[in-house]
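Notes for the one structure printed next.
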Amino acid sequence: WKSLKDLQNELMRKSMHVGSLGNIRVFCRCRPLNTEEIAEGASMAIDFEAARDGELTVKSNGAPKKTFKFDAVFGPQSNQVDVFEDTAPFASSVLDGYNVCIFAYGQTGTGKTFTMEGTNEARGVNFRTLEELFHIIEERRGQFQYEISVSVLEVYNEQIRDLLVSGTQPGAAKRLEIRHVGEGIHHVPGLAEAHVNNMNEAWEVLQTGSNARAVGSTNANEHSSRSHCIHCVMVKGENLLNGECTRSKLWLVDLAGSERVAKTEVQGERLKETQNINRSLSALGDVISALATKSPHIPFRNSKLTHLLQDSLGGDSKTLMFVQISPNENDLSETLCSLNFASRVRGIELGPAKKQV
Ligand code: ADP
């Protein structure tokens with residue numbers, strides 16, 4: 001049996017998706033300690049006792065340090081199904097004609113790719129959202145008709161690279177620019193779009209794109225942690241009963257690692273890379289926080305990433321950011337940076353933790 005409080009929380013979480021709390025959500029997800037960390041006797045720096053209320057407390061040397069509140073908190077015990085339960089409503093929003101952006105933000109190794117891409121045994125948000133999309137399309141058959149196409153791209157060093165038309169080297173592949181085509185609509189001329197008829201076709205194209213990401217890089221993991229990987233699902237819908245048409249986009253974004261790299265430690269190409277990542281992640285934070293506080297100026301043009309997503313951030317669009325964290329006390333300073341970033345994005349910081357008695 002669920003307690004009244006659980007039911008209230010569930011209702012609150014469900015109502016978020018119908019717009020009662022605005023269009024920006026932040027979910028926090030913490031990965032479990034891995035086998036090496038357990039073997040080393042690493043201690044957990046996060047307390048998830050109030051996770052059901054969307055709260056987590058960061059501890060330092062066992063003492064509570066700071067409490068954060070998000071729209072949902074998924075502790076190390078949460079699985080892909082739990083996470084998707086709260087993410088699924090975004091799929092119907094896309095089919096209802098809303099633009100949707102889902103991001104994973106955080107330090108490298110905190111589970112951004114696990115949450116978005118997942119594994120064959122534990123599918124992530126990308127697979128499950130697409131599956132839900134095609135499931136709803138099937139349910140609406142006869143009343144609505146949909147055309148779906150997909151693109152896969154990467155933003156690396158402030159350059160857009162089409163991953164469906166991959167070259168041999170990350171730097172040599174087709175580079176694209178963003179064009180404004182009127183009424184707040186942005187387009188990337190020349191970006192490959194593959195029409196897909198069902199889940200299998202869609203997944204195959206997205207996998208092809210993801211695989212092309214590593215081509216030509218000397219260290220595939222390193223490259224993927226230094227670039228933003230973006231899947232875009234474009235939807236054209238027609239209501240067969242009244243002839244009304246909609247066009248919408250779903251962006252699924254696995255962001256570059258947010259870890260800070262000391263300027264003294266990097267030089268040359270790596271320094272440029274680091275500066276570009278910092279620039280685009282802080283531009284993303286600035287844009288979302290300007291949208292959340294309803295600022296009159298939204299600085300979309302400050303990075304390729306925000307410029308690219310401009311027509312899908314703000315307005316009627318729905319944004320979901322996963323802030324991914326590590327439970328390991330050794331990662332505490334990066335974890336606090338990510339949590340502070342996410343709080344700034346939502347303007348929902350709680351302040352110092354209450355003293356425990
Ligand atoms: P990132 O994309 O942030 O660099 P990854 O998604 O590659 O991080 O995750 C790092 C490692 O941790 C991977 O081996 C991944 O399978 C594992 N991992 C991350 N999150 C979870 C989780 N919630 N449950 C189990 N394993 C996880």
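So you can find residues: chains in the structure tokens are A, B, ... in the order shown, residues in each start at 1, and ligands are numbered from 1 in order.
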Inset, instruction - Produce as a ChimeraX atom specification the set of residues near ligand 1, where near means within 9 Å with only C-alpha atoms and all ligand atoms considered. - result: /A:29-34,74-80,104-119,122,221,224-225,254-257,324-326
Legend entry - Contacts of range 292-309 of chain A within 6 Å, only C-alpha atoms, excl. fewer than 5 positions in-chain, as JSON, numbers by chain: {"A": [158, 280, 283, 284, 287]}
Legend entry - Computed interatomic separation between CA of Asn200 in chain A and CA of Leu130 in chain A (Å):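 Atom-to-atom, CA of Asn200 in chain A and CA of Leu130 in chain A are spaced 9.8 Å apart.
Distances to Met199 in chain A were evaluated for A:Lys65, A:Arg128, A:Arg161, A:Arg213 using only C-alpha atoms, and the minimum falls at A:Arg128.
Summary of the local environment: counting only C-alpha atoms, residues at most 9 Å from Phe341 in chain A, other than itself and those fewer than 5 positions away along its chain, are Ser282, Gly285, Val323, Leu336 and Arg346 of chain A.
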Give me a file of those residues, with N, CA and C atoms, as a compact mmCIF listing (two decimals), in the first residue's frame.
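What ended up in result-v1.txt:
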```txt
# COMPACT_ATOMS: atom_id res chain seq x y z
N SER A 282 28.11 26.42 -19.89
CA SER A 282 27.61 27.56 -19.12
C SER A 282 26.57 28.33 -19.93
N GLY A 285 23.36 26.55 -19.26
CA GLY A 285 22.87 26.93 -17.93
C GLY A 285 22.26 28.32 -17.96
N VAL A 323 20.55 15.71 -13.96
CA VAL A 323 21.87 16.01 -13.44
C VAL A 323 22.37 14.72 -12.83
N LEU A 336 29.17 18.69 -6.03
CA LEU A 336 28.58 19.96 -5.57
C LEU A 336 28.47 20.95 -6.73
N ARG A 346 17.25 25.75 -12.10
CA ARG A 346 15.85 25.72 -11.65
C ARG A 346 15.52 26.80 -10.62
```
